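Visitor: Sharing coords30.txt below, compact mmCIF, C-alpha atoms and all ligand atoms:
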```txt
# COMPACT_ATOMS: atom_id res chain seq x y z
CA MET A 1 -6.76 72.95 14.04
CA THR A 2 -4.15 70.89 12.27
CA VAL A 3 -5.05 68.74 9.32
CA ARG A 4 -2.22 66.30 8.77
CA ASP A 5 -1.15 64.69 5.50
CA ILE A 6 -2.55 61.20 5.02
CA LEU A 7 -0.05 58.64 3.75
CA LYS A 8 -1.03 56.73 0.64
CA MET A 9 -0.64 53.07 -0.19
CA GLY A 10 2.93 52.39 -1.23
CA ASP A 11 4.39 54.27 1.73
CA PRO A 12 6.28 51.69 3.82
CA ARG A 13 5.10 53.36 7.04
CA LEU A 14 1.64 51.93 6.34
CA LEU A 15 3.09 48.40 6.50
CA ARG A 16 4.52 48.51 10.01
CA VAL A 17 3.17 46.73 13.06
CA ALA A 18 2.43 49.67 15.35
CA GLN A 19 3.79 50.08 18.86
CA PRO A 20 1.54 50.08 21.92
CA VAL A 21 0.75 53.38 23.59
CA THR A 22 2.34 53.56 27.04
CA ASP A 23 1.76 57.21 28.03
CA PHE A 24 -1.92 57.96 28.53
CA ASP A 25 -3.52 61.31 29.27
CA SER A 26 -0.42 63.16 28.10
CA ASP A 27 -0.33 66.46 26.24
CA ALA A 28 1.31 64.72 23.28
CA LEU A 29 -1.41 62.08 23.09
CA HIS A 30 -4.25 64.62 23.35
CA LEU A 31 -2.64 66.75 20.64
CA LEU A 32 -2.23 63.73 18.38
CA ILE A 33 -5.90 62.76 18.80
CA SER A 34 -6.99 66.35 18.18
CA ASP A 35 -5.00 66.40 14.93
CA MET A 36 -6.44 63.04 13.91
CA LEU A 37 -10.00 64.27 14.53
CA ASP A 38 -9.33 67.44 12.51
CA THR A 39 -7.84 65.36 9.71
CA MET A 40 -10.67 62.81 9.65
CA ARG A 41 -13.36 65.50 9.65
CA ALA A 42 -11.63 67.48 6.91
CA VAL A 43 -12.00 64.54 4.54
CA ASN A 44 -15.30 63.16 5.90
CA GLY A 45 -13.68 59.89 6.88
CA ALA A 46 -15.40 57.28 9.03
CA GLY A 47 -12.15 56.40 10.74
CA LEU A 48 -8.45 57.09 10.86
CA ALA A 49 -5.50 55.16 12.27
CA ALA A 50 -2.36 56.83 13.61
CA PRO A 51 -0.10 55.05 11.09
CA GLN A 52 -2.03 56.81 8.31
CA ILE A 53 -0.45 60.09 9.41
CA GLY A 54 2.92 58.43 9.94
CA VAL A 55 2.62 57.90 13.71
CA ASP A 56 3.74 54.44 14.77
CA LEU A 57 1.25 53.87 17.59
CA GLN A 58 -1.70 51.55 18.22
CA LEU A 59 -4.33 54.28 18.12
CA VAL A 60 -7.42 54.57 15.94
CA ILE A 61 -10.38 56.92 15.91
CA PHE A 62 -13.69 56.25 14.23
CA GLY A 63 -17.31 57.22 14.28
CA SER A 64 -20.04 58.15 11.90
CA ASN A 65 -23.22 60.11 12.02
CA ASP A 66 -26.12 61.02 9.81
CA ASN A 67 -24.23 63.99 8.45
CA ASN A 68 -21.35 62.16 6.83
CA PRO A 69 -21.84 62.59 3.08
CA ARG A 70 -19.55 59.66 2.37
CA TYR A 71 -21.77 57.21 4.27
CA PRO A 72 -25.28 58.70 4.18
CA ASP A 73 -27.13 55.42 4.63
CA ARG A 74 -24.88 53.77 7.16
CA PRO A 75 -25.75 53.08 10.79
CA VAL A 76 -24.40 55.48 13.38
CA VAL A 77 -21.16 54.41 15.03
CA PRO A 78 -20.37 56.34 18.22
CA PRO A 79 -17.29 58.61 18.10
CA THR A 80 -14.55 56.49 19.62
CA VAL A 81 -10.87 56.71 20.51
CA LEU A 82 -9.49 53.17 20.69
CA ILE A 83 -5.95 52.50 21.89
CA ASN A 84 -4.04 49.21 22.08
CA PRO A 85 -7.04 47.29 20.75
CA VAL A 86 -7.71 43.57 20.92
CA ILE A 87 -10.33 42.12 18.56
CA SER A 88 -11.91 38.69 18.80
CA PRO A 89 -14.42 37.32 16.29
CA LEU A 90 -17.62 35.93 17.80
CA GLY A 91 -18.57 32.91 15.75
CA ASP A 92 -17.25 32.32 12.27
CA GLY A 93 -19.81 34.38 10.37
CA GLU A 94 -18.49 36.69 7.68
CA GLU A 95 -20.16 39.31 5.57
CA GLU A 96 -19.12 41.29 2.53
CA ASP A 97 -19.54 44.98 1.91
CA TRP A 98 -17.88 47.81 0.05
CA GLU A 99 -14.96 49.60 1.66
CA GLY A 100 -12.75 52.52 0.84
CA CYS A 101 -9.76 53.94 2.63
CA LEU A 102 -8.31 57.42 2.94
CA SER A 103 -4.90 55.88 2.12
CA VAL A 104 -6.26 54.30 -1.07
CA PRO A 105 -7.98 57.29 -2.67
CA GLY A 106 -10.53 56.82 -5.40
CA LEU A 107 -10.94 53.08 -5.07
CA ARG A 108 -13.54 50.77 -3.54
CA ALA A 109 -13.71 47.01 -3.08
CA VAL A 110 -15.90 44.35 -1.55
CA VAL A 111 -14.11 43.12 1.55
CA PRO A 112 -15.05 40.14 3.75
CA ARG A 113 -15.08 40.85 7.48
CA TRP A 114 -16.21 39.05 10.62
CA THR A 115 -19.90 39.82 11.13
CA ARG A 116 -19.72 40.01 14.92
CA ILE A 117 -16.77 40.86 17.12
CA HIS A 118 -15.79 41.68 20.66
CA TYR A 119 -13.20 44.41 21.02
CA SER A 120 -11.44 45.95 23.95
CA GLY A 121 -8.83 48.60 24.53
CA PHE A 122 -8.27 51.91 26.27
CA ASP A 123 -9.40 55.47 25.80
CA GLN A 124 -7.02 58.44 25.81
CA TYR A 125 -7.16 58.63 29.62
CA GLY A 126 -6.07 55.02 30.02
CA ASP A 127 -9.51 53.77 31.01
CA PRO A 128 -10.30 50.33 29.63
CA PHE A 129 -13.51 49.64 27.74
CA GLU A 130 -15.01 46.86 25.67
CA ARG A 131 -17.86 46.39 23.24
CA THR A 132 -19.62 43.63 21.38
CA VAL A 133 -20.72 44.87 17.96
CA ASP A 134 -21.77 43.66 14.55
CA GLY A 135 -22.36 44.87 11.02
CA PHE A 136 -20.98 48.24 9.96
CA HIS A 137 -19.55 49.05 13.40
CA ALA A 138 -17.66 45.74 13.41
CA ARG A 139 -16.43 46.42 9.88
CA VAL A 140 -15.09 49.87 10.74
CA VAL A 141 -13.22 48.53 13.76
CA GLN A 142 -11.67 45.69 11.75
CA HIS A 143 -10.65 48.06 8.95
CA GLU A 144 -9.07 50.61 11.28
CA CYS A 145 -7.31 48.05 13.46
CA ASP A 146 -5.90 46.38 10.35
CA HIS A 147 -3.91 49.60 9.86
CA LEU A 148 -2.15 48.79 13.16
CA ILE A 149 -0.80 45.52 11.78
CA GLY A 150 0.23 46.91 8.41
CA LYS A 151 -2.82 45.68 6.50
CA LEU A 152 -4.68 47.78 3.97
CA TYR A 153 -8.07 46.58 2.77
CA PRO A 154 -6.83 45.56 -0.73
CA MET A 155 -4.83 42.85 1.08
CA ARG A 156 -8.15 41.40 2.29
CA VAL A 157 -9.88 41.38 -1.10
CA ARG A 158 -10.73 37.93 -2.43
CA ASP A 159 -12.78 38.82 -5.51
CA PHE A 160 -10.90 41.35 -7.60
CA SER A 161 -13.81 41.64 -10.02
CA ARG A 162 -15.37 43.79 -7.31
CA PHE A 163 -12.47 46.21 -6.91
CA GLY A 164 -12.39 49.43 -8.85
CA TYR A 165 -12.68 53.17 -9.08
CA ALA A 166 -15.51 54.65 -7.07
CA ASP A 167 -16.62 57.02 -9.82
CA VAL A 168 -16.93 54.09 -12.22
CA LEU A 169 -18.54 51.68 -9.76
CA PHE A 170 -20.94 54.23 -8.34
CA PRO A 171 -21.48 56.91 -10.99
CA GLY A 172 -23.33 59.94 -9.78
CA ILE A 173 -22.52 59.50 -6.13
CA ALA A 174 -20.67 62.63 -5.11
CA ASP A 175 -18.43 61.04 -2.54
CA THR A 176 -15.47 60.21 -4.66
CA GLU A 177 -13.35 63.33 -4.36
CA ASN A 178 -12.18 63.18 -0.80
CA ASP A 179 -11.72 59.56 0.05
NI NI A 201 -8.24 52.80 5.99
```
Please rewrite the model in this file as C-alpha cells.
Ligand code: NI
Guide:
Amino acid sequence: MTVRDILKMGDPRLLRVAQPVTDFDSDALHLLISDMLDTMRAVNGAGLAAPQIGVDLQLVIFGSNDNNPRYPDRPVVPPTVLINPVISPLGDGEEEDWEGCLSVPGLRAVVPRWTRIHYSGFDQYGDPFERTVDGFHARVVQHECDHLIGKLYPMRVRDFSRFGYADVLFPGIADTEND
C-alpha cells in the first residue's frame, strides 16, 4: 500500500496537458493504478487523476459508493479506471452543483458542467469501453478529465459568490478535513 502525495493548486505540474498512455497491462501501469487507488481511498476521494500525483499521463480513476463520508447522498458511480479518455457532450444542457478537489483542499464552489455526456477510453488492459451518463457521474468524469488538460475546477467557476471554504459554507458537515 502506497499513499502518494497529492499536488496542490499552484504546482505547475497540475497545468500540463497529459500524455497518452501507450503501454497497457504493464507492471508499471498496474502499480501506478494501485497507488492511485490507495491514495484516493486514504482521503475518501471520489476520483483522482494521475497528474495530481505528478504523473504526466492520461489516466483517471473514480467511483463512489454509499460508504464515502464525503459524498453520503450522492448516486453510486461504478469504480472505474479510464485511460486516454474522449468526452463528448450530448445536447447543450448544463447543470450546476458543488465541487471540491483533493488538489484544492478546504474549498468548494458551484461549477457548471454538461448534464449528459458520452465518454470513451481504455481500461488498464487496453480494452476499449464507452458509456453514456448524466448527473453526478457525468460531473465526476468531467472534473477528473479536466485534470488531464491542466484545468482545475476554479478555472470553470462563473459565479465567485458561490466559492468558499467548506467549513464556512457547510458548517457541521464533517467532511472538510481530508479533501
Ligand atoms: Ni480534482
Visitor: Rounded to one decimal in Å, what is the spacing between CA of Leu90 in chain A and CA of Gln142 in chain A?
Guide: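 Between CA of Leu90 in chain A and CA of Gln142 in chain A the gap works out to 12.9 Å.
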Visitor: So that I can check the surroundings of Pro112 in chain A, please list as a list in words every protein, DNA and RNA residue that reaches within 7 Å of it, counting only C-alpha atoms and ignoring chain neighbours fewer than 4 positions away.
Guide: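 Returned residues: Glu94, Glu95, Glu96 and Asp97 of chain A.
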Visitor: Please extract the residues at most 6 Å from ligand NI 201 (chain A), counting all atoms listed in the file, and provide them as an mmCIF file with C-alpha atoms, in the coordinates of the input, using the chain letters and residue numbers of this document.
Guide:
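For reference, selection.cif as written:
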```cif
data_model
loop_
_atom_site.group_PDB
_atom_site.id
_atom_site.type_symbol
_atom_site.label_atom_id
_atom_site.label_comp_id
_atom_site.auth_asym_id
_atom_site.auth_seq_id
_atom_site.Cartn_x
_atom_site.Cartn_y
_atom_site.Cartn_z
ATOM 1 C CA CYS A 101 -9.760 53.940 2.630
ATOM 2 C CA LEU A 102 -8.310 57.420 2.940
ATOM 3 C CA SER A 103 -4.900 55.880 2.120
ATOM 4 C CA GLU A 144 -9.070 50.610 11.280
#
```
Visitor: Write out as AutoDock Vina command-line options an axis-aligned box for range 132-136 of chain A: all of its atoms listed in the file, 6 Å added on each side, centre and edge lengths in Å with one decimal.
Guide:
```
--center_x -21.0 --center_y 45.9 --center_z 15.7 --size_x 14.7 --size_y 16.6 --size_z 23.4
```
Visitor: Could you check the closest approach to Ser120 in chain A for each of A:Gly93, A:Pro75, A:Gly63, A:Pro85 and tell me which residue wins, using only C-alpha atoms?
Guide: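 Checking each candidate against Ser120 in chain A, we get A:Pro85 as the closest.
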Visitor: Provide the CA of Thr39 in chain A to CA of Leu59 in chain A distance in Å, to one decimal place.
Guide: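 Computing the Euclidean distance for CA of Thr39 in chain A and CA of Leu59 in chain A yields 14.3 Å.
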Visitor: Take CA of Val104 in chain A and CA of Lys8 in chain A and report the distance between them in Å, one decimal.
Guide: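 Answer for the CA of Val104 in chain A to CA of Lys8 in chain A separation: 6.0 Å.
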Visitor: Can you check which parts of range 61-115 of chain A lie within 9 Å of range 25-37 of chain A? Per residue, the shortest pair of atoms and distance in Å to one decimal, counting all atoms listed in the file, sorted by chain and number, as a tab-separated table.
Guide:
```
residue	atom	partner	partner_atom	distance
A:Ile61	CA	A:Leu37	CA	7.5
A:Phe62	CA	A:Leu37	CA	8.8
A:Val81	CA	A:Ile33	CA	8.0
```
Visitor: When distances are computed from only C-alpha atoms, which of A:Asp5, A:Asp167, A:Asp134, A:Asp146 shows the smallest separation from Val55 in chain A?
Guide: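 Of the candidates, the smallest distance to Val55 in chain A is held by A:Asp5.
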Visitor: Set the distance at 9 Å and use all atoms listed in the file: which residues neighbour Tyr165 in chain A once local chain neighbours fewer than 5 positions away are removed? I'd like the list as a list of chain:residue names.
Guide: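 The neighbour list is A:Pro105, A:Gly106, A:Leu107, A:Arg108, A:Ala109, A:Phe170, A:Thr176.
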Visitor: So which one's closest to Gly135 in chain A, A:Arg113, A:Arg13, A:Arg156, A:His147? Using all atoms listed in the file, please.
Guide: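 Closest residue, counting all atoms listed in the file: A:Arg113.
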Visitor: For Pro79 in chain A, find every residue with an atom within 12 Å (counting all atoms listed in the file), except residues of its own chain fewer than 2 positions away, and show them as a list in words.
Guide: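 Final neighbour list, sorted by chain and number: Leu37, Met40, Arg41, Gly45, Ala46, Gly47, Leu48, Val60, Ile61, Phe62, Gly63, Ser64, Asn65, Val76, Val77, Val81, Leu82, Asp123, His137, Val140 and Val141 of chain A.
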Visitor: Output C-alpha atoms of each residue in that selection to a file, as a PDB file, keeping the file's coordinate frame.
Guide:
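Dumped everything to again25.pdb:
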```pdb
ATOM      1  CA  LEU A  37     -10.000  64.270  14.530  1.00  0.00           C
ATOM      2  CA  MET A  40     -10.670  62.810   9.650  1.00  0.00           C
ATOM      3  CA  ARG A  41     -13.360  65.500   9.650  1.00  0.00           C
ATOM      4  CA  GLY A  45     -13.680  59.890   6.880  1.00  0.00           C
ATOM      5  CA  ALA A  46     -15.400  57.280   9.030  1.00  0.00           C
ATOM      6  CA  GLY A  47     -12.150  56.400  10.740  1.00  0.00           C
ATOM      7  CA  LEU A  48      -8.450  57.090  10.860  1.00  0.00           C
ATOM      8  CA  VAL A  60      -7.420  54.570  15.940  1.00  0.00           C
ATOM      9  CA  ILE A  61     -10.380  56.920  15.910  1.00  0.00           C
ATOM     10  CA  PHE A  62     -13.690  56.250  14.230  1.00  0.00           C
ATOM     11  CA  GLY A  63     -17.310  57.220  14.280  1.00  0.00           C
ATOM     12  CA  SER A  64     -20.040  58.150  11.900  1.00  0.00           C
ATOM     13  CA  ASN A  65     -23.220  60.110  12.020  1.00  0.00           C
ATOM     14  CA  VAL A  76     -24.400  55.480  13.380  1.00  0.00           C
ATOM     15  CA  VAL A  77     -21.160  54.410  15.030  1.00  0.00           C
ATOM     16  CA  VAL A  81     -10.870  56.710  20.510  1.00  0.00           C
ATOM     17  CA  LEU A  82      -9.490  53.170  20.690  1.00  0.00           C
ATOM     18  CA  ASP A 123      -9.400  55.470  25.800  1.00  0.00           C
ATOM     19  CA  HIS A 137     -19.550  49.050  13.400  1.00  0.00           C
ATOM     20  CA  VAL A 140     -15.090  49.870  10.740  1.00  0.00           C
ATOM     21  CA  VAL A 141     -13.220  48.530  13.760  1.00  0.00           C
TER      22      VAL A 141
END
```
Visitor: Point out the residue among A:Glu130, A:Asp38, A:Asp56, A:Asp159 with the least atom-to-atom distance to Pro20 in chain A, counting only C-alpha atoms.
Guide: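 Residue with the minimum atom-to-atom distance to Pro20 in chain A: A:Asp56.
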Visitor: Can you list, as a VMD selection string, every protein, DNA or RNA residue that comes within 6 Å of Phe24 in chain A when you count all atoms listed in the file, leaving out same-chain residues fewer than 5 positions away?
Guide: chain A and resid 124 to 126
Visitor: Neighbours of Thr132 in chain A within 10 Å (only C-alpha atoms; same-chain residues fewer than 5 positions away dropped), as a PyMOL selection string?
Guide: chain A and resi 87-90+116-120+137-138
Visitor: Taking (1.9, 54.6, 13.9) in the file's coordinates as the center, which residues reach within 9 Å of it, counting all atoms listed in the file, put as a list in words?
Guide: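 Answer for this query, in the requested form: Arg13, Leu14, Arg16, Val17, Ala18, Gln19, Ala49, Ala50, Pro51, Gln52, Ile53, Gly54, Val55, Asp56, Leu57, Gln58, Leu59, His147 and Leu148 of chain A.
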